[in-house]
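Trainee: So that we are looking at the same thing, I have put the structure below in structure tokens.
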Amino acid sequence: VIALAHTGLEKNPRTGEVRKGDAPGENFGHQLASEVPGLDVVILAHTHEAIPFVNIGGAVVTQAGRSAEGIGRVDLKLTRETPASPWKLARPFAGYVTFGDSTATDEAFAKALAPYAERTKAALDETVGEAATDLGTPGGRFADGPLWQLIHRAQLQASGADVSLAALFAADQRIAAGPVRVRDLMRLYPYENSLVTLEMTGAELKDALEQSARYLATYTFEDGRPLAEAGMPSWNFDMAMGVTYEVDVTRAPGERIQHLTFKGQPLAPTQRLSVVVNGYRASG
């Protein structure tokens with residue numbers, strides 16, 4: 001019995017440490033493998049982590065990472081005592097094979113896919129705009145930057161909202177001056193999210209920003225201390241355009257958003273704003 005589920009492990013199977021930053025019930029692979037009787041193999045996804053092989057509750061659990069970086073392989077050895085006996089699963093095993101430039105091409109497979117590959121390349125090479133200067137993320141997720149602003153401005157223009165909340169999915173990307181192609185935008189924003197405009201109070205917007213700020217580690221003035229909290233998903237770190245505010249990382253989580261203003265005035269907890277977010281964020 002093989003379970004194929006688009007969910008990941010909610011905790012480390014060896015240490016029991018719970019993943020940080022998940023929505024309730026977002027990942028339940030460990031619960032699935034340990035509590036559902038009779039599963040032989042559980043193939044997971046969603047957390048983007050490569051899991052070559054782990055045994056949970058007697059089931060082989062594996063996950064193949066993301067973006068075709070590699071492929072999971074599961075081998076099931078079946079045996080039976082006599083030609084009339086029922087087959088039994090003797091030795092399930094899972095592994096992980098990474099891909100690279102040295103990986104040999106399957107010529108028959110490539111030939112069959114060639115027409116689709118050519119159309120895909122042509123679509124990705126379509127020019128959709130012009131960049132007057134290089135656009136990058138000089139401070140990554142820890143500072144404002146042109147590419148983060150590009151996402152915000154696109155959301156605000158498409159929605160007409162007062163405020164945009166958006167994450168910077170690719171903190172190391174750069175769009176060179178000159179023609180901008182579809183593939184450049186796909187590197188910056190790889191998900192086919194929809195946009196959702198919500199009505200929020202000032203208090204709700206502050207709460208959303210406080211939740212995002214949990215991505216940042218509490219600053220203790222120690223040399224070499226990471227700025228991001230270990231294990232927190234970077235794609236859940238939203239910042240806002242349309243309001244101004246400060247994030248004080250010396251304060252405890254939940255108390256970090258300071259001097260939140262809208263159009264130059266302090267944002268009242270009861271003031272209502274239209275806020276645009278992506279569909280993934282809006283759903284939970």
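Letters for chains follow the order of the structure tokens (A, B, ...), residue numbers begin at 1 for each chain, and ligand numbers begin at 1 in the order shown.
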Do a neighbour search on region 1-13 of chain A at 12 Å with only C-alpha atoms, toss out local chain neighbours closer than 5 positions, and write the hits as an NGL selection string.
Mentor: :A and (18-34 or 36-51 or 53-57 or 59-65 or 74 or 76 or 88-89 or 92 or 231)
Trainee: Next, write the just-selected residues to a file, as a short mmCIF file (atom, residue, chain, number, x, y, z; two decimals), in the first residue's frame, keeping N, CA and C atoms as the atom set.
Mentor:
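File produced: out39.cif:
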```cif
data_model
loop_
_atom_site.label_atom_id
_atom_site.label_comp_id
_atom_site.auth_asym_id
_atom_site.auth_seq_id
_atom_site.Cartn_x
_atom_site.Cartn_y
_atom_site.Cartn_z
N VAL A 18 9.66 19.85 16.27
CA VAL A 18 8.55 20.27 15.43
C VAL A 18 9.00 21.38 14.48
N ARG A 19 8.56 21.32 13.22
CA ARG A 19 8.86 22.37 12.24
C ARG A 19 8.29 23.70 12.69
N LYS A 20 9.03 24.75 12.41
CA LYS A 20 8.57 26.09 12.77
C LYS A 20 7.85 26.73 11.58
N GLY A 21 6.89 27.57 11.89
CA GLY A 21 6.28 28.41 10.87
C GLY A 21 5.17 27.77 10.06
N ASP A 22 4.80 26.53 10.37
CA ASP A 22 3.72 25.88 9.61
C ASP A 22 2.36 26.37 10.10
N ALA A 23 1.41 26.44 9.18
CA ALA A 23 0.02 26.64 9.58
C ALA A 23 -0.49 25.35 10.22
N PRO A 24 -1.46 25.42 11.11
CA PRO A 24 -1.98 24.20 11.74
C PRO A 24 -2.45 23.19 10.70
N GLY A 25 -1.97 21.96 10.81
CA GLY A 25 -2.37 20.90 9.89
C GLY A 25 -1.75 20.99 8.52
N GLU A 26 -0.81 21.93 8.29
CA GLU A 26 -0.23 22.08 6.96
C GLU A 26 0.59 20.85 6.58
N ASN A 27 1.37 20.34 7.51
CA ASN A 27 2.17 19.14 7.28
C ASN A 27 1.79 18.06 8.29
N PHE A 28 1.54 16.85 7.79
CA PHE A 28 1.12 15.77 8.69
C PHE A 28 1.69 14.43 8.22
N GLY A 29 2.83 14.46 7.51
CA GLY A 29 3.40 13.23 6.99
C GLY A 29 3.80 12.24 8.07
N HIS A 30 4.37 12.75 9.17
CA HIS A 30 4.77 11.86 10.26
C HIS A 30 3.55 11.21 10.89
N GLN A 31 2.49 11.98 11.10
CA GLN A 31 1.25 11.44 11.65
C GLN A 31 0.65 10.41 10.71
N LEU A 32 0.68 10.69 9.41
CA LEU A 32 0.13 9.78 8.41
C LEU A 32 0.84 8.43 8.48
N ALA A 33 2.19 8.47 8.48
CA ALA A 33 2.96 7.22 8.45
C ALA A 33 2.87 6.46 9.75
N SER A 34 2.76 7.15 10.87
CA SER A 34 2.80 6.47 12.16
C SER A 34 1.43 6.03 12.66
N VAL A 36 -1.63 5.63 10.48
CA VAL A 36 -2.49 4.88 9.54
C VAL A 36 -1.92 3.47 9.39
N PRO A 37 -2.63 2.46 9.82
CA PRO A 37 -2.09 1.10 9.75
C PRO A 37 -2.04 0.58 8.32
N GLY A 38 -1.04 -0.26 8.06
CA GLY A 38 -0.98 -0.97 6.80
C GLY A 38 -0.24 -0.27 5.68
N LEU A 39 0.30 0.92 5.91
CA LEU A 39 1.04 1.61 4.85
C LEU A 39 2.44 1.02 4.72
N ASP A 40 2.85 0.76 3.50
CA ASP A 40 4.20 0.26 3.24
C ASP A 40 5.15 1.37 2.83
N VAL A 41 4.64 2.30 2.01
CA VAL A 41 5.45 3.41 1.50
C VAL A 41 4.64 4.69 1.59
N VAL A 42 5.28 5.78 2.01
CA VAL A 42 4.65 7.09 2.02
C VAL A 42 5.56 8.05 1.24
N ILE A 43 5.05 8.58 0.13
CA ILE A 43 5.80 9.52 -0.69
C ILE A 43 5.22 10.92 -0.44
N LEU A 44 6.07 11.82 0.06
CA LEU A 44 5.63 13.13 0.51
C LEU A 44 6.10 14.24 -0.43
N ALA A 45 5.64 15.47 -0.14
CA ALA A 45 6.05 16.66 -0.89
C ALA A 45 5.84 17.87 0.02
N HIS A 46 5.79 19.05 -0.56
CA HIS A 46 5.36 20.30 0.07
C HIS A 46 6.43 21.06 0.85
N THR A 47 7.29 20.39 1.62
CA THR A 47 8.26 21.14 2.43
C THR A 47 9.56 21.42 1.67
N HIS A 48 9.69 20.91 0.45
CA HIS A 48 10.84 21.19 -0.43
C HIS A 48 12.15 20.59 0.08
N GLU A 49 12.07 19.69 1.04
CA GLU A 49 13.27 19.07 1.58
C GLU A 49 13.45 17.68 0.97
N ALA A 50 14.70 17.35 0.63
CA ALA A 50 14.99 16.01 0.12
C ALA A 50 15.10 15.05 1.31
N ILE A 51 14.27 14.02 1.30
CA ILE A 51 14.29 12.99 2.34
C ILE A 51 14.58 11.66 1.64
N PHE A 53 15.48 8.56 2.76
CA PHE A 53 14.92 7.34 3.34
C PHE A 53 14.77 7.54 4.84
N VAL A 54 13.58 7.25 5.36
CA VAL A 54 13.38 7.20 6.80
C VAL A 54 12.23 6.23 7.05
N ASN A 55 12.35 5.48 8.13
CA ASN A 55 11.31 4.52 8.50
C ASN A 55 10.49 5.12 9.64
N ILE A 56 9.19 5.28 9.39
CA ILE A 56 8.28 5.84 10.40
C ILE A 56 7.11 4.89 10.55
N GLY A 57 6.95 4.35 11.72
CA GLY A 57 5.82 3.46 11.98
C GLY A 57 5.81 2.22 11.12
N ALA A 59 6.67 2.17 7.98
CA ALA A 59 6.54 2.55 6.57
C ALA A 59 7.80 3.26 6.09
N VAL A 60 8.16 3.01 4.85
CA VAL A 60 9.27 3.73 4.22
C VAL A 60 8.75 5.10 3.78
N VAL A 61 9.43 6.16 4.21
CA VAL A 61 9.01 7.53 3.89
C VAL A 61 10.11 8.20 3.09
N THR A 62 9.73 8.87 1.99
CA THR A 62 10.70 9.55 1.14
C THR A 62 10.06 10.80 0.54
N GLN A 63 10.92 11.74 0.15
CA GLN A 63 10.46 12.98 -0.49
C GLN A 63 11.57 13.47 -1.41
N ALA A 64 11.20 13.92 -2.62
CA ALA A 64 12.19 14.18 -3.66
C ALA A 64 12.61 15.65 -3.80
N GLY A 65 12.48 16.46 -2.75
CA GLY A 65 12.95 17.83 -2.86
C GLY A 65 12.04 18.67 -3.73
N VAL A 74 12.05 4.22 -5.13
CA VAL A 74 11.61 3.24 -4.14
C VAL A 74 11.72 1.85 -4.74
N LEU A 76 10.88 -2.15 -4.07
CA LEU A 76 10.09 -3.07 -3.27
C LEU A 76 10.41 -4.50 -3.69
N LYS A 88 4.75 -11.54 -0.46
CA LYS A 88 4.99 -10.75 0.74
C LYS A 88 6.07 -9.71 0.46
N LEU A 89 5.90 -8.54 1.06
CA LEU A 89 6.90 -7.48 0.90
C LEU A 89 8.04 -7.77 1.85
N PRO A 92 11.46 -3.24 1.62
CA PRO A 92 11.28 -1.94 0.97
C PRO A 92 12.47 -1.03 1.23
N GLY A 231 14.99 27.50 10.92
CA GLY A 231 13.83 26.65 10.64
C GLY A 231 12.58 27.39 10.22
#
```
Trainee: Pull the closest atom pair for each residue of region 193-282 of chain A that gets at most 6 Å from region 154-164 of chain A, along with the distance in Å to one decimal, counting only C-alpha atoms, ordering rows by chain and then ascending residue number, as JSON lines.
Mentor:
```
{"residue": "A:Ala240", "atom": "CA", "partner": "A:Ser164", "partner_atom": "CA", "distance": 5.5}
{"residue": "A:Met241", "atom": "CA", "partner": "A:Ser164", "partner_atom": "CA", "distance": 5.2}
{"residue": "A:Gly242", "atom": "CA", "partner": "A:Val163", "partner_atom": "CA", "distance": 4.5}
{"residue": "A:Ser274", "atom": "CA", "partner": "A:Ala161", "partner_atom": "CA", "distance": 5.1}
{"residue": "A:Val275", "atom": "CA", "partner": "A:Val163", "partner_atom": "CA", "distance": 4.7}
{"residue": "A:Val276", "atom": "CA", "partner": "A:Ser164", "partner_atom": "CA", "distance": 4.9}
```
Trainee: Write to file, as a compact mmCIF listing (two decimals), in the first residue's frame, the residues of the selection just made, with all heavy atoms.
Mentor:
```txt
# COMPACT_ATOMS: atom_id res chain seq x y z
N ALA A 240 5.47 44.90 4.01
CA ALA A 240 4.34 45.66 3.49
C ALA A 240 4.80 46.89 2.72
O ALA A 240 5.81 47.50 3.05
CB ALA A 240 3.43 46.09 4.64
N MET A 241 4.02 47.25 1.69
CA MET A 241 4.14 48.53 1.01
C MET A 241 2.78 49.22 1.11
O MET A 241 1.75 48.59 0.96
CB MET A 241 4.56 48.35 -0.44
CG MET A 241 4.65 49.68 -1.21
SD MET A 241 5.19 49.48 -2.94
CE MET A 241 6.97 49.40 -2.71
N GLY A 242 2.82 50.55 1.35
CA GLY A 242 1.60 51.32 1.54
C GLY A 242 1.47 51.83 2.95
O GLY A 242 0.69 52.75 3.22
N SER A 274 -7.86 48.27 2.63
CA SER A 274 -7.86 47.14 1.69
C SER A 274 -6.42 46.68 1.53
O SER A 274 -5.51 47.47 1.30
CB SER A 274 -8.45 47.55 0.34
OG SER A 274 -7.72 48.62 -0.22
N VAL A 275 -6.21 45.38 1.70
CA VAL A 275 -4.86 44.80 1.71
C VAL A 275 -4.82 43.67 0.69
O VAL A 275 -5.65 42.76 0.73
CB VAL A 275 -4.48 44.27 3.11
CG1 VAL A 275 -3.07 43.70 3.10
CG2 VAL A 275 -4.61 45.38 4.16
N VAL A 276 -3.85 43.71 -0.22
CA VAL A 276 -3.72 42.66 -1.24
C VAL A 276 -2.64 41.68 -0.82
O VAL A 276 -1.55 42.06 -0.38
CB VAL A 276 -3.42 43.27 -2.63
CG1 VAL A 276 -2.13 44.07 -2.65
CG2 VAL A 276 -3.37 42.16 -3.69
```
Trainee: Which one of A:Leu227, A:Ala114, A:Ala171, A:Val277 sits closest to Ala213 (chain A) if you count only C-alpha atoms?
Mentor: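 Closest to Ala213 (chain A) of all the choices is A:Leu227.
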Trainee: Show which residues sit within 8 Å of Asp238 (chain A), as a list in words. Count only C-alpha atoms, and ignore same-chain residues fewer than 2 positions away.
Mentor: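 Here the qualifying residues turn out to be Leu165, Ala166, Ala167, Leu168, Leu209, Ser212, Trp235, Asn236 and Ala240 of chain A.
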Trainee: Generate a file of the selected residues that holds C-alpha atoms, formatted as a PDB file, in the first residue's frame.
Mentor:
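again-v3.pdb, freshly written:
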```pdb
ATOM      1  CA  LEU A 165       1.805  42.218   1.758  1.00  0.00           C
ATOM      2  CA  ALA A 166       4.353  40.105  -0.112  1.00  0.00           C
ATOM      3  CA  ALA A 167       7.300  37.808   0.465  1.00  0.00           C
ATOM      4  CA  LEU A 168      10.576  37.868  -1.438  1.00  0.00           C
ATOM      5  CA  LEU A 209       3.215  41.980  10.350  1.00  0.00           C
ATOM      6  CA  SER A 212       5.819  37.714   9.659  1.00  0.00           C
ATOM      7  CA  TRP A 235       8.378  32.266   1.951  1.00  0.00           C
ATOM      8  CA  ASN A 236       6.211  33.183   4.953  1.00  0.00           C
ATOM      9  CA  ALA A 240       4.343  45.663   3.495  1.00  0.00           C
TER      10      ALA A 240
END
```
Trainee: Could you list, as an mmCIF file with C-alpha atoms, in the first residue's frame, every residue within 7 Å of Ile175 (chain A), counting only C-alpha atoms and ignoring same-chain residues fewer than 6 positions away?
Mentor:
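Listing of part.cif after writing:
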```
data_model
loop_
_atom_site.group_PDB
_atom_site.id
_atom_site.type_symbol
_atom_site.label_atom_id
_atom_site.label_comp_id
_atom_site.auth_asym_id
_atom_site.auth_seq_id
_atom_site.Cartn_x
_atom_site.Cartn_y
_atom_site.Cartn_z
ATOM 1 C CA ASP A 134 19.927 46.485 -12.908
ATOM 2 C CA LEU A 135 17.350 45.264 -10.380
ATOM 3 C CA GLY A 136 18.535 43.222 -7.427
ATOM 4 C CA ASP A 184 13.331 36.488 -15.464
#
```
